[in-house]
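Visitor: What follows is input_27.tsv; its format and atoms are TSV, C-alpha atoms and all ligand atoms.
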chain	number	residue	atom	x	y	z
Q	1	MET	CA	40.43	131.81	129.03
Q	2	THR	CA	43.28	129.55	127.94
Q	3	SER	CA	44.34	131.77	125.07
Q	4	GLN	CA	47.92	132.73	124.36
Q	5	ARG	CA	46.98	136.31	125.25
Q	6	THR	CA	45.81	135.31	128.73
Q	7	ARG	CA	49.05	133.43	129.34
Q	8	GLN	CA	51.09	136.30	127.99
Q	9	ARG	CA	49.38	138.59	130.49
Q	10	LEU	CA	50.42	136.29	133.33
Q	11	VAL	CA	54.01	136.28	132.08
Q	12	GLN	CA	53.99	140.08	131.86
Q	13	ARG	CA	52.82	140.19	135.46
Q	14	LEU	CA	55.62	137.89	136.59
Q	15	SER	CA	58.14	139.97	134.75
Q	16	ASP	CA	56.71	143.14	136.38
Q	17	GLN	CA	57.23	141.43	139.74
Q	18	GLY	CA	60.92	140.95	138.98
Q	19	VAL	CA	61.21	137.54	137.36
Q	20	THR	CA	63.88	138.04	134.70
Q	21	ASP	CA	64.92	134.59	133.46
Q	22	LEU	CA	63.59	134.43	129.90
Q	23	GLN	CA	63.79	130.65	129.72
Q	24	VAL	CA	61.55	130.41	132.78
Q	25	LEU	CA	59.10	133.00	131.45
Q	26	ASP	CA	58.94	131.19	128.10
Q	27	VAL	CA	58.22	127.84	129.69
Q	28	ILE	CA	55.47	129.39	131.83
Q	29	ALA	CA	53.96	131.00	128.74
Q	30	ASP	CA	53.98	127.62	126.97
Q	31	THR	CA	52.60	125.50	129.80
Q	32	PRO	CA	48.82	125.10	130.09
Q	33	ARG	CA	48.15	125.70	133.81
Q	34	HIS	CA	44.42	125.02	133.51
Q	35	ILE	CA	44.95	121.28	133.09
Q	36	PHE	CA	46.35	121.12	136.63
Q	37	LEU	CA	43.03	122.24	138.13
Q	38	ASP	CA	39.54	120.80	138.44
Q	39	GLU	CA	37.25	122.11	135.76
Q	40	ALA	CA	35.30	124.32	138.17
Q	41	LEU	CA	38.46	126.33	138.86
Q	42	SER	CA	40.17	126.19	135.50
Q	43	HIS	CA	38.89	129.64	134.49
Q	44	ARG	CA	41.16	131.08	137.21
Q	45	ALA	CA	44.26	129.20	136.07
Q	46	TYR	CA	46.10	132.24	134.69
Q	47	GLU	CA	45.60	134.44	137.72
Q	48	ASP	CA	48.77	134.87	139.72
Q	49	THR	CA	47.37	133.10	142.75
Q	50	ALA	CA	47.56	129.76	144.56
Q	51	LEU	CA	44.46	127.61	143.94
Q	52	PRO	CA	43.03	124.59	145.77
Q	53	ILE	CA	43.70	121.10	144.37
Q	54	GLY	CA	41.90	119.11	147.09
Q	55	TYR	CA	43.14	117.35	150.25
Q	56	GLY	CA	43.83	120.76	151.78
Q	57	GLN	CA	46.64	121.39	149.28
Q	58	THR	CA	47.20	124.12	146.69
Q	59	LEU	CA	48.63	124.58	143.25
Q	60	SER	CA	51.49	127.00	143.91
Q	61	GLN	CA	51.21	130.63	142.81
Q	62	PRO	CA	52.86	131.16	139.39
Q	63	TYR	CA	55.09	133.91	140.82
Q	64	ILE	CA	56.64	131.58	143.40
Q	65	VAL	CA	57.01	128.73	140.87
Q	66	ALA	CA	58.81	131.13	138.53
Q	67	ARG	CA	60.93	132.61	141.28
Q	68	MET	CA	62.07	129.28	142.76
Q	69	THR	CA	62.86	127.92	139.31
Q	70	GLU	CA	64.79	131.04	138.40
Q	71	VAL	CA	66.81	130.90	141.62
Q	72	LEU	CA	67.66	127.26	140.99
Q	73	LEU	CA	68.71	127.89	137.39
Q	74	GLY	CA	70.76	130.93	138.36
Q	75	ALA	CA	72.62	129.36	141.27
Q	76	ALA	CA	73.37	125.84	140.07
Q	77	GLY	CA	76.27	125.11	137.73
Q	78	LYS	CA	74.62	122.17	136.03
Q	79	LEU	CA	71.15	120.77	136.57
Q	80	ASP	CA	71.22	117.17	135.43
Q	81	LYS	CA	69.23	115.88	138.38
Q	82	VAL	CA	66.62	117.85	140.31
Q	83	LEU	CA	64.52	116.61	143.21
Q	84	GLU	CA	61.16	118.18	143.99
Q	85	ILE	CA	59.39	117.68	147.32
Q	86	GLY	CA	55.58	117.94	147.03
Q	87	THR	CA	54.45	116.99	143.51
Q	88	GLY	CA	50.90	118.21	144.23
Q	89	SER	CA	49.23	118.90	140.90
Q	90	GLY	CA	52.46	118.39	138.96
Q	91	TYR	CA	52.62	121.99	137.72
Q	92	GLN	CA	56.03	122.89	139.19
Q	93	THR	CA	57.23	119.43	138.11
Q	94	THR	CA	56.18	120.21	134.53
Q	95	ILE	CA	57.95	123.57	134.53
Q	96	LEU	CA	61.15	121.97	135.86
Q	97	ALA	CA	61.01	119.06	133.43
Q	98	GLN	CA	61.23	121.47	130.51
Q	99	LEU	CA	64.35	123.14	131.88
Q	100	VAL	CA	66.51	120.39	133.39
Q	101	LYS	CA	67.60	116.92	132.33
Q	102	GLN	CA	65.83	114.71	134.88
Q	103	VAL	CA	63.26	115.48	137.57
Q	104	TYR	CA	62.48	113.29	140.58
Q	105	SER	CA	59.41	114.26	142.56
Q	106	VAL	CA	58.08	112.98	145.89
Q	107	GLU	CA	54.46	113.33	147.12
Q	108	ARG	CA	52.88	112.01	150.33
Q	109	ILE	CA	49.20	112.07	149.19
Q	110	LYS	CA	48.52	109.13	146.87
Q	111	PRO	CA	45.48	110.49	144.94
Q	112	LEU	CA	47.32	113.73	144.15
Q	113	GLN	CA	50.27	111.75	142.86
Q	114	ASP	CA	47.98	109.59	140.69
Q	115	LYS	CA	46.39	112.67	139.08
Q	116	ALA	CA	49.78	114.32	138.55
Q	117	ARG	CA	51.13	111.15	136.92
Q	118	GLU	CA	48.23	111.14	134.46
Q	119	ARG	CA	48.80	114.82	133.55
Q	120	LEU	CA	52.53	114.30	133.01
Q	121	ARG	CA	51.76	111.31	130.79
Q	122	LYS	CA	49.32	113.35	128.72
Q	123	LEU	CA	51.90	116.10	128.33
Q	124	GLY	CA	54.37	113.49	127.08
Q	125	LEU	CA	57.04	114.33	129.67
Q	126	ARG	CA	59.43	111.41	129.82
Q	127	ASN	CA	62.12	112.82	132.10
Q	128	VAL	CA	60.14	112.69	135.35
Q	129	GLU	CA	60.02	109.96	137.98
Q	130	LEU	CA	57.50	110.11	140.82
Q	131	LYS	CA	57.68	108.53	144.24
Q	132	TYR	CA	54.99	108.14	146.89
Q	133	ALA	CA	56.81	108.81	150.16
Q	134	ASP	CA	57.54	111.29	152.94
Q	135	GLY	CA	59.73	113.93	151.32
Q	136	ASN	CA	61.37	114.84	154.62
Q	137	PHE	CA	63.72	112.01	153.73
Q	138	GLY	CA	64.28	113.09	150.12
Q	139	TRP	CA	64.86	110.26	147.66
Q	140	PRO	CA	68.30	108.93	148.60
Q	141	ASP	CA	68.45	106.15	145.95
Q	142	ARG	CA	68.34	108.64	143.07
Q	143	GLY	CA	70.64	111.27	144.59
Q	144	PRO	CA	72.82	113.21	144.89
Q	145	TYR	CA	70.97	116.10	143.24
Q	146	ASP	CA	72.28	119.25	141.58
Q	147	GLY	CA	69.12	120.99	142.75
Q	148	ILE	CA	66.30	120.37	145.22
Q	149	ILE	CA	63.07	122.40	145.35
Q	150	SER	CA	60.59	122.01	148.18
Q	151	CYS	CA	56.98	123.08	147.56
Q	152	ALA	CA	56.03	122.56	151.22
Q	153	ALA	CA	57.45	124.34	154.27
Q	154	PRO	CA	59.17	122.42	157.09
Q	155	ARG	CA	59.93	124.12	160.43
Q	156	GLU	CA	63.63	123.49	159.86
Q	157	VAL	CA	65.60	122.43	156.80
Q	158	PRO	CA	65.58	118.59	156.86
Q	159	GLN	CA	69.14	117.26	157.23
Q	160	GLU	CA	68.38	114.49	154.73
Q	161	LEU	CA	67.81	117.04	151.96
Q	162	LEU	CA	71.17	118.66	152.68
Q	163	ASN	CA	72.84	115.23	152.66
Q	164	GLN	CA	71.43	114.56	149.18
Q	165	LEU	CA	72.88	117.71	147.60
Q	166	ALA	CA	75.70	117.11	145.09
Q	167	PRO	CA	78.87	119.26	145.31
Q	168	ASN	CA	77.78	122.89	144.78
Q	169	GLY	CA	74.16	121.64	144.74
Q	170	VAL	CA	71.40	124.12	145.54
Q	171	LEU	CA	68.34	123.69	147.76
Q	172	VAL	CA	65.46	126.17	147.46
Q	173	ILE	CA	63.02	125.78	150.32
Q	174	PRO	CA	60.43	127.73	152.32
Q	175	VAL	CA	60.99	127.37	156.07
Q	176	GLY	CA	58.80	128.27	159.03
Q	177	GLY	CA	55.25	128.16	160.35
Q	178	ASP	CA	52.82	131.08	160.27
Q	179	THR	CA	55.60	133.25	158.95
Q	180	GLN	CA	57.93	131.66	156.48
Q	181	GLU	CA	61.02	132.64	154.57
Q	182	LEU	CA	62.22	131.30	151.25
Q	183	ARG	CA	65.80	130.11	151.64
Q	184	MET	CA	68.54	129.08	149.27
Q	185	VAL	CA	71.12	126.68	150.68
Q	186	ILE	CA	74.22	125.76	148.68
Q	187	ARG	CA	76.68	122.98	149.42
Q	188	ASP	CA	80.11	124.57	149.48
Q	189	GLY	CA	82.05	122.55	146.89
Q	190	ASP	CA	82.23	118.92	147.95
Q	191	SER	CA	82.49	119.80	151.63
Q	192	ASP	CA	79.87	119.30	154.32
Q	193	GLU	CA	79.57	123.05	154.74
Q	194	PHE	CA	76.41	124.82	153.57
Q	195	ILE	CA	75.86	128.46	152.75
Q	196	SER	CA	72.35	129.67	153.49
Q	197	ARG	CA	70.64	132.83	152.26
Q	198	VAL	CA	67.16	134.21	152.93
Q	199	LEU	CA	65.54	135.35	149.69
Q	200	GLU	CA	62.10	136.68	150.61
Q	201	GLY	CA	58.94	135.93	152.57
Q	202	ALA	CA	56.81	132.94	151.55
Q	203	LYS	CA	53.49	131.25	152.23
Q	204	PHE	CA	53.44	127.52	151.55
Q	205	VAL	CA	51.45	124.61	152.91
Q	206	PRO	CA	53.32	122.86	155.74
Q	207	MET	CA	55.63	119.93	155.11
Q	208	LEU	CA	53.86	117.08	156.92
Q	209	SER	CA	55.21	113.76	158.14
Q	210	GLY	CA	54.42	110.27	156.88
Q	211	THR	CA	52.21	109.38	153.92
Q	212	ALA	CA	48.41	109.52	153.31
Q	213	ARG	CA	46.15	107.44	151.05
H	1	LIG	N1	54.24	122.03	143.34
H	1	LIG	C1	52.88	121.72	143.71
H	1	LIG	C2	52.62	122.26	145.08
H	1	LIG	C3	51.58	121.51	145.79
H	1	LIG	S1	51.36	122.03	147.48
H	1	LIG	C4	51.94	122.31	142.69
H	1	LIG	O1	52.31	123.29	142.03
H	1	LIG	O2	50.83	121.81	142.55
H	1	LIG	C5	52.61	121.15	148.30
H	1	LIG	C6	52.55	119.65	148.20
H	1	LIG	O3	53.50	119.14	149.13
H	1	LIG	C7	51.21	119.02	148.58
H	1	LIG	O4	50.75	118.23	147.53
H	1	LIG	C8	51.53	118.19	149.82
H	1	LIG	O5	50.79	116.98	149.91
H	1	LIG	C9	53.01	117.92	149.61
H	1	LIG	N2	53.72	117.57	150.85
H	1	LIG	C10	53.61	118.10	152.09
H	1	LIG	N3	54.44	117.49	152.94
H	1	LIG	C11	55.09	116.53	152.22
H	1	LIG	C12	56.06	115.54	152.54
H	1	LIG	N4	56.54	115.39	153.79
H	1	LIG	N5	56.50	114.73	151.55
H	1	LIG	C13	56.03	114.85	150.29
H	1	LIG	N6	55.11	115.76	149.91
H	1	LIG	C14	54.64	116.59	150.88
Here is a file; write its structure as structure tokens.
Guide:
Amino acid sequence: MTSQRTRQRLVQRLSDQGVTDLQVLDVIADTPRHIFLDEALSHRAYEDTALPIGYGQTLSQPYIVARMTEVLLGAAGKLDKVLEIGTGSGYQTTILAQLVKQVYSVERIKPLQDKARERLRKLGLRNVELKYADGNFGWPDRGPYDGIISCAAPREVPQELLNQLAPNGVLVIPVGGDTQELRMVIRDGDSDEFISRVLEGAKFVPMLSGTAR
């Protein structure tokens, strides 16, 4: 179930779906996804599907994790600091942490954050900082960021996230309600102009407001 062969099959599937960044595929092949799930679901960890993690939230589908990470890596010049909105299980956080210098991740549901923190500790990842807060406001104290990834979909791109992009910084974010689109927004140099591009359709949990215990 957790064998290298099972993981390799998942990676093959992602590559068949058009993910080409070898660094990203390697990190996905090396990362145990089953530890991000409750035991009852861990046998499904290497299916290319979103899976429940409690509190009405889901562990993102491997394809979308790979795709968003690949877009970020491809579009950003340097990735010293990356902000993630929606830590959830910590899976996307873990993938990012192996590819960029420092990851900051915000989650609004305290018990999910606690579990993610424990997993990241067990994995020995030292370049991640977590914050319990409403990610609509980003994490201004740690910014600006070379990259921002949102794992939850707001109706509109939050202005605060744009404000926290470094020069040429890249935001990858699903936007919408019942129908969503994955967007990439790049700060044009050090100006306050942003270039936005729609990448593909998406299906994420909604970005909610405030925090929950
Ligand atoms: N990357 C996570 C995805 C979890 S689902 C994983 O792979 O497990 C999206 C997460 O976004 C949920 O945990 C949800 O609680 C969180 N979320 C939704 N709205 C948020 C907000 N305003 N601020 C911070 N986190 C938010």
Visitor: Return as AutoDock Vina command-line options the box centre and box size in Å, one decimal, for an axis-aligned box around all listed atoms of ligand LIG 1 (chain H) padded by 4 Å per side.
Guide:
--center_x 53.6 --center_y 119.0 --center_z 147.9 --size_x 13.8 --size_y 16.6 --size_z 19.8
Visitor: Residues of stretch 90-184 of chain Q that have any atom at most 8 Å from an atom of stretch 33-49 of chain Q: could you tabulate them with the shortest-distance atom pair and the distance in Å to one decimal, using all atoms listed in the file, ordered by chain and increasing number, as a Markdown table?
Guide:
| residue | atom | partner | partner_atom | distance |
| --- | --- | --- | --- | --- |
| Q:Gly90 | CA | Q:Phe36 | CA | 7.1 |
| Q:Tyr91 | CA | Q:Phe36 | CA | 6.4 |
| Q:Ala116 | CA | Q:Phe36 | CA | 7.9 |
| Q:Arg119 | CA | Q:Phe36 | CA | 7.4 |
Visitor: In Å, how far is it from atom CA of Q:Ser15 to atom CA of Q:Leu199?
Guide: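 We find that atom CA of Q:Ser15 and atom CA of Q:Leu199 lie 17.3 Å from each other.
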Visitor: Which residues of stretch 93-169 of chain Q come within 10 Å of stretch 83-88 of chain Q, and for each one, what is the closest pair of atoms and their distance in Å to one decimal, counting only C-alpha atoms, sorted by chain and residue number, as a tab-separated table?
Guide:
residue	atom	partner	partner_atom	distance
Q:Thr93	CA	Q:Thr87	CA	6.5
Q:Thr94	CA	Q:Thr87	CA	9.7
Q:Leu96	CA	Q:Glu84	CA	9.0
Q:Gln102	CA	Q:Leu83	CA	8.6
Q:Val103	CA	Q:Leu83	CA	5.9
Q:Tyr104	CA	Q:Leu83	CA	4.7
Q:Ser105	CA	Q:Glu84	CA	4.5
Q:Val106	CA	Q:Ile85	CA	5.1
Q:Glu107	CA	Q:Gly86	CA	4.7
Q:Arg108	CA	Q:Gly86	CA	7.3
Q:Ile109	CA	Q:Gly88	CA	8.1
Q:Lys110	CA	Q:Gly88	CA	9.8
Q:Pro111	CA	Q:Gly88	CA	9.5
Q:Leu112	CA	Q:Gly88	CA	5.7
Q:Gln113	CA	Q:Gly88	CA	6.6
Q:Asp114	CA	Q:Gly88	CA	9.8
Q:Lys115	CA	Q:Gly88	CA	8.8
Q:Ala116	CA	Q:Gly88	CA	7.0
Q:Arg117	CA	Q:Thr87	CA	9.4
Q:Val128	CA	Q:Leu83	CA	9.8
Q:Glu129	CA	Q:Leu83	CA	9.6
Q:Leu130	CA	Q:Thr87	CA	8.0
Q:Lys131	CA	Q:Thr87	CA	9.1
Q:Tyr132	CA	Q:Thr87	CA	9.5
Q:Ala133	CA	Q:Ile85	CA	9.7
Q:Asp134	CA	Q:Ile85	CA	8.7
Q:Gly135	CA	Q:Ile85	CA	5.5
Q:Asn136	CA	Q:Ile85	CA	8.1
Q:Phe137	CA	Q:Ile85	CA	9.6
Q:Gly138	CA	Q:Ile85	CA	7.3
Q:Trp139	CA	Q:Leu83	CA	7.8
Q:Arg142	CA	Q:Leu83	CA	8.8
Q:Gly143	CA	Q:Leu83	CA	8.2
Q:Pro144	CA	Q:Leu83	CA	9.1
Q:Tyr145	CA	Q:Leu83	CA	6.5
Q:Asp146	CA	Q:Leu83	CA	8.4
Q:Gly147	CA	Q:Leu83	CA	6.4
Q:Ile148	CA	Q:Leu83	CA	4.6
Q:Ile149	CA	Q:Glu84	CA	4.8
Q:Ser150	CA	Q:Ile85	CA	4.6
Q:Cys151	CA	Q:Gly86	CA	5.4
Q:Ala152	CA	Q:Gly86	CA	6.3
Q:Ala153	CA	Q:Ile85	CA	9.8
Q:Leu161	CA	Q:Leu83	CA	9.4
Q:Gln164	CA	Q:Leu83	CA	9.4
Q:Leu165	CA	Q:Leu83	CA	9.5
Visitor: Taking only C-alpha atoms into account, name the residue in Q:Gln92, Q:Ser60, Q:Ser191, Q:Val27 that is nearest to Q:Phe204.
Guide: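 Ranking Q:Gln92, Q:Ser60, Q:Ser191, Q:Val27 by distance to Q:Phe204, first place goes to Q:Ser60.
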Visitor: Which residue, Q:Asn163, Q:Gly54, Q:Lys81, Q:Leu120, has the smallest gap to ligand LIG 1 (chain H) when you use only C-alpha atoms and all ligand atoms?
Guide: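 Among Q:Asn163, Q:Gly54, Q:Lys81, Q:Leu120, it is Q:Gly54 that comes nearest to ligand LIG 1 (chain H).
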Visitor: For each of Q:Gln57, Q:Thr179, Q:Thr20, Q:Thr6, take the minimum atom-to-atom distance to Q:Met207, counting all atoms listed in the file, then give the residue where this is smallest.
Guide: Q:Gln57
Visitor: Using only C-alpha atoms and all ligand atoms, pick whichever of Q:Leu182, Q:Val157, Q:Leu162, Q:Val65 has the shortest atom-to-atom distance to ligand LIG 1 (chain H).
Guide: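 Of Q:Leu182, Q:Val157, Q:Leu162, Q:Val65, the one nearest ligand LIG 1 (chain H), counting only C-alpha atoms and all ligand atoms, is Q:Val65.
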Visitor: Between atom CA of Q:Tyr55 and atom CA of Q:Thr69, what is the spacing in Å?
Guide: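 Atom-to-atom, atom CA of Q:Thr69 and atom CA of Q:Tyr55 are spaced 24.9 Å apart.
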Visitor: Could you work out how far atom CA of Q:Met68 lies from atom O5 of ligand LIG 1 (chain H), giving the answer in Å with one decimal?
Guide: 18.2 Å
Visitor: Around (53.0, 139.8, 141.4), as given in the file, which residues come within 12 Å? Count only C-alpha atoms and list them as a PyMOL selection string.
Guide: chain Q and resi 9-19+47-50+61-67
Visitor: Go through Q:Ile53, Q:Ile195, Q:Ala29, Q:Val170 and flag the residue nearest ligand LIG 1 (chain H), using all atoms listed in the file for the distances.
Guide: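 The closest residue to ligand LIG 1 (chain H) is Q:Ile53.
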Visitor: Which residue out of Q:Lys101, Q:Lys203, Q:Arg213, Q:Arg187 has the minimum interatomic distance to Q:Ala75 when all atoms listed in the file are used?
Guide: Q:Arg187
Visitor: Would you kindly return, as a list in words, each protein, DNA or RNA residue with an atom no farther than 12 Å from any atom of Q:Arg197, considering only C-alpha atoms and excluding same-chain residues fewer than 6 positions away?
Guide: Val71, Ala75, Val170, Leu171, Val172, Ile173, Pro174, Val175, Glu181, Leu182, Arg183, Met184, Val185, Ile186 and Arg187 of chain Q
